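Visitor: Below is the file target_38.cif, with mmCIF, C-alpha atoms.
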```cif
data_input
#
loop_
_atom_site.group_PDB
_atom_site.id
_atom_site.type_symbol
_atom_site.label_atom_id
_atom_site.label_comp_id
_atom_site.auth_asym_id
_atom_site.auth_seq_id
_atom_site.Cartn_x
_atom_site.Cartn_y
_atom_site.Cartn_z
ATOM 1 C CA MET A 1 72.680 232.919 180.519
ATOM 2 C CA ALA A 2 69.022 231.974 180.407
ATOM 3 C CA ILE A 3 67.455 228.868 178.887
ATOM 4 C CA ASP A 4 66.226 229.489 175.394
ATOM 5 C CA THR A 5 64.376 226.221 174.523
ATOM 6 C CA VAL A 6 63.741 222.762 175.914
ATOM 7 C CA VAL A 7 62.866 220.196 173.247
ATOM 8 C CA VAL A 8 61.703 216.613 173.687
ATOM 9 C CA VAL A 9 62.116 214.067 170.862
ATOM 10 C CA VAL A 10 60.011 210.890 170.916
ATOM 11 C CA ASN A 11 59.772 208.493 168.001
ATOM 12 C CA GLY A 12 61.241 211.104 165.670
ATOM 13 C CA VAL A 13 58.768 213.812 166.681
ATOM 14 C CA SER A 14 60.140 216.988 168.311
ATOM 15 C CA THR A 15 58.066 218.983 170.773
ATOM 16 C CA THR A 16 59.115 222.287 172.325
ATOM 17 C CA LEU A 17 58.138 222.504 175.989
ATOM 18 C CA THR A 18 56.616 225.636 177.536
ATOM 19 C CA TYR A 19 58.049 227.244 180.654
ATOM 20 C CA ASN A 20 55.673 227.220 183.645
ATOM 21 C CA SER A 21 56.583 230.133 185.904
ATOM 22 C CA THR A 22 54.588 228.675 188.775
ATOM 23 C CA SER A 23 56.336 225.313 188.816
ATOM 24 C CA GLY A 24 59.595 226.601 187.411
ATOM 25 C CA LYS A 25 59.623 223.733 184.938
ATOM 26 C CA TYR A 26 59.385 223.324 181.191
ATOM 27 C CA GLU A 27 56.237 221.328 180.553
ATOM 28 C CA GLY A 28 54.199 219.903 177.693
ATOM 29 C CA THR A 29 51.403 217.475 176.930
ATOM 30 C CA LEU A 30 52.310 215.045 174.154
ATOM 31 C CA THR A 31 50.456 212.348 172.249
ATOM 32 C CA ALA A 32 51.901 208.857 172.606
ATOM 33 C CA PRO A 33 52.971 206.969 169.465
ATOM 34 C CA ASP A 34 50.176 205.002 167.822
ATOM 35 C CA ALA A 35 52.012 201.682 168.135
ATOM 36 C CA THR A 36 52.957 199.732 171.226
ATOM 37 C CA SER A 37 56.548 200.001 172.341
ATOM 38 C CA GLY A 38 56.674 196.232 172.098
ATOM 39 C CA MET A 39 57.000 196.716 168.330
ATOM 40 C CA ASN A 40 59.675 199.406 168.573
ATOM 41 C CA ASN A 41 62.935 197.579 167.977
ATOM 42 C CA ASN A 42 65.202 200.103 169.660
ATOM 43 C CA GLY A 43 68.003 197.777 170.639
ATOM 44 C CA SER A 44 66.526 196.888 174.026
ATOM 45 C CA GLY A 45 65.147 193.681 172.540
ATOM 46 C CA PRO A 46 61.394 194.274 172.357
ATOM 47 C CA GLY A 47 60.662 192.841 168.927
ATOM 48 C CA VAL A 48 57.401 190.989 168.497
ATOM 49 C CA GLY A 49 56.113 187.465 168.880
ATOM 50 C CA ALA A 50 58.622 184.939 170.132
ATOM 51 C CA ASN A 51 61.306 187.637 170.598
ATOM 52 C CA ALA A 52 59.100 190.137 172.416
ATOM 53 C CA THR A 53 60.114 191.558 175.773
ATOM 54 C CA SER A 54 59.159 194.752 177.556
ATOM 55 C CA GLY A 55 60.113 197.408 174.974
ATOM 56 C CA TYR A 56 60.120 201.180 175.222
ATOM 57 C CA TYR A 57 60.453 204.346 173.182
ATOM 58 C CA PRO A 58 63.690 206.227 173.994
ATOM 59 C CA VAL A 59 63.048 209.850 174.932
ATOM 60 C CA VAL A 60 65.616 212.561 174.158
ATOM 61 C CA VAL A 61 65.536 215.857 176.095
ATOM 62 C CA ARG A 62 67.585 218.738 174.694
ATOM 63 C CA ALA A 63 68.062 222.100 176.472
ATOM 64 C CA THR A 64 69.575 225.091 174.644
ATOM 65 C CA ASP A 65 70.566 228.355 176.327
ATOM 66 C CA GLU A 66 70.525 231.780 174.714
ATOM 67 C CA ALA A 67 74.211 231.493 173.841
ATOM 68 C CA GLY A 68 73.543 228.322 171.861
ATOM 69 C CA ASN A 69 74.988 225.846 174.346
ATOM 70 C CA VAL A 70 73.180 222.490 174.224
ATOM 71 C CA THR A 71 72.792 219.788 176.872
ATOM 72 C CA GLU A 72 71.145 216.501 175.898
ATOM 73 C CA GLU A 73 69.941 213.593 177.976
ATOM 74 C CA THR A 74 69.204 210.132 176.529
ATOM 75 C CA VAL A 75 68.504 206.637 177.846
ATOM 76 C CA SER A 76 72.252 206.066 178.037
ATOM 77 C CA GLY A 77 72.727 208.884 180.534
ATOM 78 C CA SER A 78 72.017 209.445 184.199
ATOM 79 C CA TYR A 79 68.268 209.780 183.591
ATOM 80 C CA ALA A 80 68.076 206.479 181.660
ATOM 81 C CA ASN A 81 65.126 204.892 183.456
ATOM 82 C CA ARG A 82 63.136 208.136 183.318
ATOM 83 C CA LEU A 83 63.627 208.479 179.585
ATOM 84 C CA LYS A 84 62.087 205.154 178.643
ATOM 85 C CA LEU A 85 58.514 205.674 177.465
ATOM 86 C CA TYR A 86 56.439 202.493 177.644
ATOM 87 C CA VAL A 87 53.414 202.483 175.335
ATOM 88 C CA LYS A 88 50.762 199.800 175.505
ATOM 89 C CA GLU A 89 48.216 198.805 172.930
ATOM 90 C CA THR A 90 44.614 198.090 173.930
ATOM 91 C CA THR A 91 43.625 195.654 171.183
ATOM 92 C CA ALA A 92 43.253 192.066 172.363
ATOM 93 C CA PRO A 93 44.620 189.162 170.317
ATOM 94 C CA THR A 94 42.284 186.982 168.295
ATOM 95 C CA SER A 95 42.226 183.206 168.547
ATOM 96 C CA ALA A 96 40.939 180.410 166.343
ATOM 97 C CA ILE A 97 40.745 176.613 166.492
ATOM 98 C CA GLN A 98 41.897 174.858 163.313
ATOM 99 C CA TYR A 99 41.391 171.246 164.402
ATOM 100 C CA PRO A 100 39.127 169.701 165.396
ATOM 101 C CA SER A 101 36.342 171.906 164.124
ATOM 102 C CA ALA A 102 33.225 172.403 166.206
ATOM 103 C CA GLY A 103 30.971 169.347 165.999
ATOM 104 C CA ALA A 104 33.645 167.131 164.433
ATOM 105 C CA ASN A 105 33.573 163.358 164.831
ATOM 106 C CA ILE A 106 37.028 161.842 165.227
ATOM 107 C CA GLY A 107 37.133 158.138 164.497
ATOM 108 C CA ASN A 108 39.773 155.685 165.711
ATOM 109 C CA ASN A 109 41.969 158.351 167.315
ATOM 110 C CA ALA A 110 41.703 158.809 171.064
ATOM 111 C CA LYS A 111 44.673 161.216 171.121
ATOM 112 C CA PRO A 112 43.848 163.801 168.455
ATOM 113 C CA THR A 113 46.397 166.567 167.927
ATOM 114 C CA ILE A 114 44.579 169.827 168.603
ATOM 115 C CA ARG A 115 45.791 172.800 166.546
ATOM 116 C CA PHE A 116 44.961 176.469 167.110
ATOM 117 C CA THR A 117 46.320 179.967 166.478
ATOM 118 C CA LEU A 118 46.496 183.301 168.276
ATOM 119 C CA THR A 119 47.117 186.489 166.315
ATOM 120 C CA ASP A 120 48.338 189.876 167.504
ATOM 121 C CA THR A 121 49.720 192.608 165.240
ATOM 122 C CA GLY A 122 50.739 194.856 168.144
ATOM 123 C CA SER A 123 52.980 193.762 170.988
ATOM 124 C CA GLY A 124 52.838 190.113 169.908
ATOM 125 C CA ILE A 125 51.553 186.964 171.559
ATOM 126 C CA ASN A 126 53.196 186.080 174.853
ATOM 127 C CA ALA A 127 53.626 182.341 174.344
ATOM 128 C CA SER A 128 54.000 181.704 178.068
ATOM 129 C CA THR A 129 50.397 182.822 178.635
ATOM 130 C CA VAL A 130 48.841 180.488 176.084
ATOM 131 C CA LYS A 131 46.773 177.718 177.624
ATOM 132 C CA ILE A 132 44.349 175.089 176.432
ATOM 133 C CA LYS A 133 41.597 173.527 178.485
ATOM 134 C CA VAL A 134 40.387 170.027 177.668
ATOM 135 C CA ASP A 135 37.129 169.253 179.455
ATOM 136 C CA GLY A 136 37.923 172.002 181.958
ATOM 137 C CA THR A 137 41.483 170.921 182.795
ATOM 138 C CA GLU A 138 44.181 173.406 181.758
ATOM 139 C CA TYR A 139 47.349 172.437 179.904
ATOM 140 C CA ALA A 140 50.233 174.217 178.184
ATOM 141 C CA PRO A 141 50.540 173.625 174.421
ATOM 142 C CA SER A 142 53.193 171.057 173.649
ATOM 143 C CA THR A 143 54.653 172.916 170.650
ATOM 144 C CA SER A 144 54.406 176.410 169.238
ATOM 145 C CA SER A 145 55.804 178.410 166.328
ATOM 146 C CA PHE A 146 55.472 181.965 165.032
ATOM 147 C CA ASP A 147 54.965 183.004 161.437
ATOM 148 C CA ALA A 148 57.659 185.029 159.698
ATOM 149 C CA ALA A 149 56.170 188.344 160.835
ATOM 150 C CA GLY A 150 55.919 187.166 164.426
ATOM 151 C CA GLU A 151 52.211 188.011 164.550
ATOM 152 C CA VAL A 152 50.572 184.565 164.378
ATOM 153 C CA LEU A 153 51.374 181.892 166.945
ATOM 154 C CA THR A 154 50.425 178.353 165.939
ATOM 155 C CA CYS A 155 50.068 175.891 168.801
ATOM 156 C CA THR A 156 49.414 172.171 169.025
ATOM 157 C CA TYR A 157 48.470 169.951 171.909
ATOM 158 C CA THR A 158 48.206 166.162 171.975
ATOM 159 C CA PRO A 159 46.586 164.568 175.038
ATOM 160 C CA SER A 160 49.006 162.409 177.012
ATOM 161 C CA SER A 161 46.349 159.741 177.568
ATOM 162 C CA ASN A 162 43.431 158.469 175.542
ATOM 163 C CA LEU A 163 40.265 160.527 175.554
ATOM 164 C CA ALA A 164 37.179 158.484 176.318
ATOM 165 C CA ASP A 165 34.630 157.846 173.602
ATOM 166 C CA GLY A 166 32.034 160.601 173.617
ATOM 167 C CA SER A 167 31.853 164.394 173.599
ATOM 168 C CA HIS A 168 34.755 166.649 174.643
ATOM 169 C CA THR A 169 35.185 170.419 174.860
ATOM 170 C CA ILE A 170 38.334 172.448 174.290
ATOM 171 C CA ALA A 171 38.934 176.110 175.139
ATOM 172 C CA ILE A 172 41.947 178.259 174.237
ATOM 173 C CA ASN A 173 43.182 181.567 175.578
ATOM 174 C CA GLY A 174 46.284 183.727 175.790
ATOM 175 C CA SER A 175 47.502 187.302 176.073
ATOM 176 C CA ASP A 176 49.801 189.685 174.242
ATOM 177 C CA TYR A 177 52.881 191.298 175.780
ATOM 178 C CA ASP A 178 50.821 194.331 176.774
ATOM 179 C CA GLY A 179 48.535 192.167 178.926
ATOM 180 C CA ASN A 180 45.505 192.158 176.618
ATOM 181 C CA ALA A 181 43.730 188.796 176.871
ATOM 182 C CA ALA A 182 42.120 187.114 173.901
ATOM 183 C CA THR A 183 38.471 186.173 174.143
ATOM 184 C CA GLU A 184 38.309 182.481 175.009
ATOM 185 C CA VAL A 185 37.308 180.330 172.038
ATOM 186 C CA THR A 186 35.705 176.926 172.541
ATOM 187 C CA ALA A 187 34.746 173.945 170.409
ATOM 188 C CA SER A 188 33.138 170.605 171.157
ATOM 189 C CA PHE A 189 33.949 167.408 169.275
ATOM 190 C CA THR A 190 33.307 163.691 169.587
ATOM 191 C CA VAL A 191 35.851 160.893 169.911
ATOM 192 C CA ASP A 192 34.687 157.531 168.577
ATOM 193 C CA THR A 193 36.917 154.455 168.578
ATOM 194 C CA THR A 194 34.075 151.900 168.602
ATOM 195 C CA PRO A 195 32.585 150.711 165.284
ATOM 196 C CA PRO A 196 28.808 150.601 164.947
ATOM 197 C CA THR A 197 26.880 147.489 165.925
ATOM 198 C CA LEU A 198 25.380 145.442 163.096
ATOM 199 C CA ASN A 199 22.943 142.583 163.617
ATOM 200 C CA ILE A 200 21.572 140.749 160.558
ATOM 201 C CA THR A 201 18.254 139.075 161.307
ATOM 202 C CA ALA A 202 17.688 137.697 157.788
ATOM 203 C CA PRO A 203 18.707 135.837 155.756
ATOM 204 C CA THR A 204 20.489 133.086 157.643
ATOM 205 C CA ASN A 205 23.934 132.185 156.390
ATOM 206 C CA ASN A 206 24.050 129.481 153.678
ATOM 207 C CA LEU A 207 20.322 129.810 153.056
ATOM 208 C CA LEU A 208 19.057 127.654 150.151
ATOM 209 C CA THR A 209 16.089 129.208 148.366
ATOM 210 C CA ASN A 210 14.071 128.799 145.180
ATOM 211 C CA GLN A 211 13.178 132.507 145.178
ATOM 212 C CA ALA A 212 14.941 134.942 142.836
ATOM 213 C CA SER A 213 15.351 137.494 145.608
ATOM 214 C CA VAL A 214 15.853 137.648 149.338
ATOM 215 C CA THR A 215 15.038 140.331 151.887
ATOM 216 C CA VAL A 216 17.950 141.457 154.025
ATOM 217 C CA THR A 217 16.868 142.825 157.405
ATOM 218 C CA GLY A 218 18.789 143.907 160.469
ATOM 219 C CA THR A 219 19.533 146.567 163.059
ATOM 220 C CA THR A 220 22.459 148.919 163.598
ATOM 221 C CA ASN A 221 23.446 151.498 166.178
ATOM 222 C CA ASP A 222 26.325 153.682 167.382
ATOM 223 C CA ALA A 223 26.326 155.340 170.777
ATOM 224 C CA ASN A 224 28.656 158.186 169.791
ATOM 225 C CA SER A 225 28.522 158.746 166.047
ATOM 226 C CA THR A 226 25.051 158.775 164.615
ATOM 227 C CA PRO A 227 23.587 158.542 162.083
ATOM 228 C CA VAL A 228 24.750 155.164 160.792
ATOM 229 C CA SER A 229 24.426 154.376 157.085
ATOM 230 C CA ILE A 230 23.982 150.912 155.561
ATOM 231 C CA SER A 231 25.220 149.583 152.234
ATOM 232 C CA ILE A 232 24.310 146.133 150.886
ATOM 233 C CA ALA A 233 26.307 144.744 147.956
ATOM 234 C CA CYS A 234 25.529 141.637 145.927
ATOM 235 C CA GLY A 235 26.425 140.632 142.379
ATOM 236 C CA GLY A 236 27.789 144.045 141.412
ATOM 237 C CA THR A 237 24.785 145.971 142.714
ATOM 238 C CA THR A 238 24.922 148.103 145.864
ATOM 239 C CA HIS A 239 21.853 149.209 147.807
ATOM 240 C CA THR A 240 21.681 151.934 150.473
ATOM 241 C CA PRO A 241 18.468 151.348 152.434
ATOM 242 C CA ASP A 242 17.104 153.919 154.856
ATOM 243 C CA VAL A 243 17.841 153.308 158.521
ATOM 244 C CA GLY A 244 14.951 153.967 160.879
ATOM 245 C CA ASN A 245 15.162 155.922 164.099
ATOM 246 C CA ASP A 246 15.258 152.593 165.910
ATOM 247 C CA GLY A 247 18.199 151.406 163.770
ATOM 248 C CA THR A 248 16.213 148.913 161.676
ATOM 249 C CA PHE A 249 16.604 148.497 157.918
ATOM 250 C CA SER A 250 15.245 146.248 155.168
ATOM 251 C CA GLN A 251 16.276 145.700 151.553
ATOM 252 C CA VAL A 252 15.185 143.287 148.802
ATOM 253 C CA VAL A 253 18.251 141.895 147.009
ATOM 254 C CA ALA A 254 18.117 140.132 143.637
ATOM 255 C CA LEU A 255 19.877 136.768 143.349
ATOM 256 C CA THR A 256 21.538 134.956 140.491
ATOM 257 C CA GLU A 257 21.404 131.219 139.990
ATOM 258 C CA GLY A 258 23.905 129.543 142.282
ATOM 259 C CA SER A 259 25.840 130.928 145.231
ATOM 260 C CA ASN A 260 25.426 134.612 146.128
ATOM 261 C CA VAL A 261 27.576 136.510 148.628
ATOM 262 C CA ILE A 262 25.768 139.446 150.236
ATOM 263 C CA THR A 263 27.994 142.012 151.990
ATOM 264 C CA ILE A 264 26.328 144.315 154.514
ATOM 265 C CA THR A 265 28.365 147.292 155.833
ATOM 266 C CA ALA A 266 27.417 149.754 158.554
ATOM 267 C CA THR A 267 29.324 153.084 158.576
ATOM 268 C CA ASP A 268 29.033 155.610 161.418
ATOM 269 C CA SER A 269 29.574 159.358 161.093
ATOM 270 C CA SER A 270 33.198 158.970 162.249
ATOM 271 C CA GLY A 271 33.908 156.676 159.309
ATOM 272 C CA LEU A 272 34.194 153.478 161.353
ATOM 273 C CA THR A 273 32.690 150.400 159.753
ATOM 274 C CA THR A 274 31.340 146.974 160.653
ATOM 275 C CA THR A 275 30.783 144.347 157.934
ATOM 276 C CA VAL A 276 28.756 141.131 157.930
ATOM 277 C CA THR A 277 28.452 138.678 155.001
ATOM 278 C CA ARG A 278 25.720 136.192 154.177
ATOM 279 C CA THR A 279 25.882 133.429 151.550
ATOM 280 C CA VAL A 280 22.599 132.550 149.872
ATOM 281 C CA VAL A 281 22.236 129.780 147.310
ATOM 282 C CA TYR A 282 19.503 130.310 144.722
ATOM 283 C CA ASP A 283 18.186 127.237 142.920
ATOM 284 C CA GLY A 284 15.353 128.272 140.642
ATOM 285 C CA THR A 285 15.349 125.191 138.363
ATOM 286 C CA ALA A 286 12.648 122.556 139.029
ATOM 287 C CA PRO A 287 13.491 118.803 138.834
ATOM 288 C CA ASN A 288 13.255 117.161 135.343
ATOM 289 C CA PHE A 289 11.762 113.691 134.796
ATOM 290 C CA VAL A 290 13.813 111.598 132.403
ATOM 291 C CA SER A 291 11.752 108.369 132.526
ATOM 292 C CA ILE A 292 8.935 106.636 134.471
ATOM 293 C CA THR A 293 8.478 102.852 134.246
ATOM 294 C CA ILE A 294 5.758 100.687 135.817
ATOM 295 C CA ALA A 295 6.299 96.917 135.641
ATOM 296 C CA PRO A 296 4.543 94.653 135.185
ATOM 297 C CA ASN A 297 1.811 96.611 133.560
ATOM 298 C CA PRO A 298 -0.878 95.372 133.497
ATOM 299 C CA VAL A 299 -0.588 93.716 136.890
ATOM 300 C CA ASN A 300 -2.812 90.935 138.369
ATOM 301 C CA VAL A 301 -5.277 91.730 141.098
ATOM 302 C CA SER A 302 -3.492 91.981 144.422
ATOM 303 C CA GLY A 303 -0.231 91.410 142.562
ATOM 304 C CA SER A 304 2.942 93.364 143.129
ATOM 305 C CA TYR A 305 4.389 95.869 140.722
ATOM 306 C CA SER A 306 7.273 98.285 140.779
ATOM 307 C CA ILE A 307 7.715 101.837 139.668
ATOM 308 C CA ALA A 308 11.093 103.202 138.533
ATOM 309 C CA VAL A 309 11.509 106.955 138.165
ATOM 310 C CA GLU A 310 14.556 108.621 136.632
ATOM 311 C CA VAL A 311 14.766 112.322 137.527
ATOM 312 C CA ASN A 312 17.510 114.965 137.703
ATOM 313 C CA ASP A 313 17.905 118.499 139.004
ATOM 314 C CA ALA A 314 20.392 120.540 137.008
#
```
Using structure tokens, write down the structure that the file contains.

Guide:
Amino acid sequence: MAIDTVVVVVNGVSTTLTYNSTSGKYEGTLTAPDATSGMNNNGSGPGVGANATSGYYPVVVRATDEAGNVTEETVSGSYANRLKLYVKETTAPTSAIQYPSAGANIGNNAKPTIRFTLTDTGSGINASTVKIKVDGTEYAPSTSSFDAAGEVLTCTYTPSSNLADGSHTIAINGSDYDGNAATEVTASFTVDTTPPTLNITAPTNNLLTNQASVTVTGTTNDANSTPVSISIACGGTTHTPDVGNDGTFSQVVALTEGSNVITITATDSSGLTTTVTRTVVYDGTAPNFVSITIAPNPVNVSGSYSIAVEVNDA
């Protein structure tokens, strides 16, 4: 009997092959499925994300003769390896840095936990390919987890040793199970564990003055986290003077009669602070004469006399 039809079934789609008299074979040109075989959970364990391996689409070939006899070959038969169709996607994963954001200032933490994600809706992120570079040195993320759909991989990395104060650059990259590499994403941030400097040039501590106000002057600076802001608090009032490009500032502060505590605080852009206090005593009350006595009065020529003055200063 002669062969009647040869049919190929891939991903539920049947295609009848055409006999080629020259080659003596049944042939056809098919269109591959529109999804990577890494997403085709056919029992070979492809899955996606953390469970992804090299998946395939099983191909079924069915030959029928003119008498109606049918022979079928599947991946479980003698042609198993030839009936596994591997389909790759061409879309690269996307990556994003959650923390720290570009330009961030991190205060008082020399080992910040860096967090980033890679997303792939096709074959899934191959976690073993994910790397992070810190200042050009490559590391593997310390922890990773997939979302429920297995499409988004969240990674974290904490430096094993303290990062130096100053600017640092991170770069992340990784690939999916079909070998598509994500475009490297970078971000620069600043580590600052040193509070700003604060030098108060006036007033001196424990200053005694008869003026109802005093001018607070000083300089501030921070090598890593500029600009630095200044706040000056006294008697329930807080001032925020401008800080010049050279770090200088000046502020007139009103005083109340008696002892006044002036608190000056410098805050850098990382949130680190330095505080200096000055105590100024304001005495605005002039002395008060109670009595003045001259005796004897009148006094003889070239004679001696005494003066007695009674005065107080409230």

Visitor: Selection in question (the file shown): the PyMOL selection byres ((chain A and resi 85) around 9). Which residues does it include, as a PyMOL selection string?

Guide: chain A and resi 10+32+37+55-59+81-84+86-87

Visitor: What lies within 10 Å of Ser144 of chain A using all atoms listed in the file, ignoring chain neighbours under 2 positions off, as number ranges by chain?

Guide: A: 50, 115-117, 127, 130, 141-142, 146, 153-157

Visitor: Expressed in Å to a single decimal, how great is the separation between atom CA of Thr219 of chain A and atom CA of Asn199 of chain A?

Guide: 5.3 Å

Visitor: Could you spell out the hits of the PyMOL selection byres ((chain A and resi 233-244) around 12) on the shown file, as a PyMOL selection string?

Guide: chain A and resi 198+213-221+226-232+245-268+275-280

Visitor: Set out as a Markdown table a contact list for segment 168-256 of chain A and segment 89-109 of chain A with a cut-off of 10 Å, giving each residue of segment 168-256 of chain A that qualifies its closest atom pair and distance in Å to one decimal, counting only C-alpha atoms, ordered by chain and rising residue number.

Guide:
```
| residue | atom | partner | partner_atom | distance |
| --- | --- | --- | --- | --- |
| A:His168 | CA | A:Gly103 | CA | 9.8 |
| A:Thr169 | CA | A:Ala102 | CA | 9.1 |
| A:Ile170 | CA | A:Ile97 | CA | 9.2 |
| A:Ala171 | CA | A:Ile97 | CA | 8.8 |
| A:Ile172 | CA | A:Ser95 | CA | 7.5 |
| A:Asn173 | CA | A:Ser95 | CA | 7.3 |
| A:Gly174 | CA | A:Pro93 | CA | 7.9 |
| A:Ser175 | CA | A:Pro93 | CA | 6.7 |
| A:Asp176 | CA | A:Pro93 | CA | 6.5 |
| A:Tyr177 | CA | A:Glu89 | CA | 9.3 |
| A:Asp178 | CA | A:Glu89 | CA | 6.4 |
| A:Gly179 | CA | A:Ala92 | CA | 8.4 |
| A:Asn180 | CA | A:Ala92 | CA | 4.8 |
| A:Ala181 | CA | A:Ala92 | CA | 5.6 |
| A:Ala182 | CA | A:Pro93 | CA | 4.8 |
| A:Thr183 | CA | A:Thr94 | CA | 7.0 |
| A:Glu184 | CA | A:Ser95 | CA | 7.6 |
| A:Val185 | CA | A:Ser95 | CA | 6.7 |
| A:Thr186 | CA | A:Ile97 | CA | 7.9 |
| A:Ala187 | CA | A:Ala102 | CA | 4.7 |
| A:Ser188 | CA | A:Ala102 | CA | 5.3 |
| A:Phe189 | CA | A:Gly103 | CA | 4.8 |
| A:Thr190 | CA | A:Asn105 | CA | 4.8 |
| A:Val191 | CA | A:Ile106 | CA | 4.9 |
| A:Asp192 | CA | A:Gly107 | CA | 4.8 |
| A:Thr193 | CA | A:Asn108 | CA | 4.2 |
| A:Thr194 | CA | A:Asn108 | CA | 7.4 |
| A:Pro195 | CA | A:Gly107 | CA | 8.7 |
| A:Asn224 | CA | A:Asn105 | CA | 8.7 |
| A:Ser225 | CA | A:Asn105 | CA | 6.9 |
| A:Thr226 | CA | A:Asn105 | CA | 9.7 |
```

Visitor: Pull out every residue that the PyMOL selection byres ((chain A and resi 311) around 12) matches in the shown coordinates and put them as a compact mmCIF listing (two decimals) with C-alpha atoms, in the coordinates of the input.

Guide:
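selection38.txt, written as the output of this step:
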```
# COMPACT_ATOMS: atom_id res chain seq x y z
CA ALA A 286 12.65 122.56 139.03
CA PRO A 287 13.49 118.80 138.83
CA ASN A 288 13.26 117.16 135.34
CA PHE A 289 11.76 113.69 134.80
CA VAL A 290 13.81 111.60 132.40
CA SER A 291 11.75 108.37 132.53
CA ILE A 292 8.94 106.64 134.47
CA THR A 293 8.48 102.85 134.25
CA ALA A 308 11.09 103.20 138.53
CA VAL A 309 11.51 106.96 138.16
CA GLU A 310 14.56 108.62 136.63
CA ASN A 312 17.51 114.96 137.70
CA ASP A 313 17.90 118.50 139.00
CA ALA A 314 20.39 120.54 137.01
```

Visitor: Which is closer to Gly24 of chain A than all the others in A:Thr64, A:Ile3, A:Ser160, A:Thr201, using all atoms listed in the file?

Guide: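 Closest to Gly24 of chain A, using all atoms listed in the file: A:Ile3.
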
Visitor: So the first atom is atom CA of Gln211 of chain A and the second is atom CA of Thr274 of chain A; what is the distance between them in Å, to one decimal place?

Guide: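 Distance reported for this atom pair: 27.9 Å.
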
Visitor: Hey, which of A:Gly271, A:Ala212, A:Ser302, A:Gly122 ends up closest to Asp34 of chain A? Count all atoms listed in the file.

Guide: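 Closest to Asp34 of chain A, using all atoms listed in the file: A:Gly122.
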
Visitor: Separation of atom CA of Asn69 of chain A and atom CA of Val8 of chain A, in Å?

Guide: 16.2 Å

Visitor: Would you compute the box with edges along x, y and z of the file around segment 187-205 of chain A, including every atom the file lists for it and 5 Å extra on each side, and give its centre and edge lengths in Å to one decimal, as lines of an AutoDock Vina configuration file?

Guide:
```
center_x = 27.3
center_y = 153.1
center_z = 163.5
size_x = 29.2
size_y = 51.8
size_z = 25.4
```

Visitor: Would you list the contacts of Thr18 of chain A as a PDB file with C-alpha atoms, keeping the file's coordinate frame, taking every protein, DNA or RNA residue within 12 Å and counting only C-alpha atoms, but skipping same-chain residues closer than 5 positions in sequence?

Guide:
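The resulting file, around.pdb, is shown below:
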```pdb
ATOM      1  CA  ILE A   3      67.455 228.868 178.887  1.00  0.00           C
ATOM      2  CA  ASP A   4      66.226 229.489 175.394  1.00  0.00           C
ATOM      3  CA  THR A   5      64.376 226.221 174.523  1.00  0.00           C
ATOM      4  CA  VAL A   6      63.741 222.762 175.914  1.00  0.00           C
ATOM      5  CA  VAL A   7      62.866 220.196 173.247  1.00  0.00           C
ATOM      6  CA  VAL A   8      61.703 216.613 173.687  1.00  0.00           C
ATOM      7  CA  SER A  23      56.336 225.313 188.816  1.00  0.00           C
ATOM      8  CA  GLY A  24      59.595 226.601 187.411  1.00  0.00           C
ATOM      9  CA  LYS A  25      59.623 223.733 184.938  1.00  0.00           C
ATOM     10  CA  TYR A  26      59.385 223.324 181.191  1.00  0.00           C
ATOM     11  CA  GLU A  27      56.237 221.328 180.553  1.00  0.00           C
ATOM     12  CA  GLY A  28      54.199 219.903 177.693  1.00  0.00           C
ATOM     13  CA  THR A  29      51.403 217.475 176.930  1.00  0.00           C
ATOM     14  CA  LEU A  30      52.310 215.045 174.154  1.00  0.00           C
TER      15      LEU A  30
END
```

Visitor: Pick out the closest residue to Ala164 of chain A from this set: A:Asp147, A:Lys111, A:Thr119, A:Ile200. Count all atoms listed in the file.

Guide: A:Lys111

Visitor: Which protein, DNA or RNA residues have an atom at most 8 Å from (21.7, 131.9, 153.7), counting only C-alpha atoms? List them as a ChimeraX atom specification.

Guide: /A:203-208,278-281
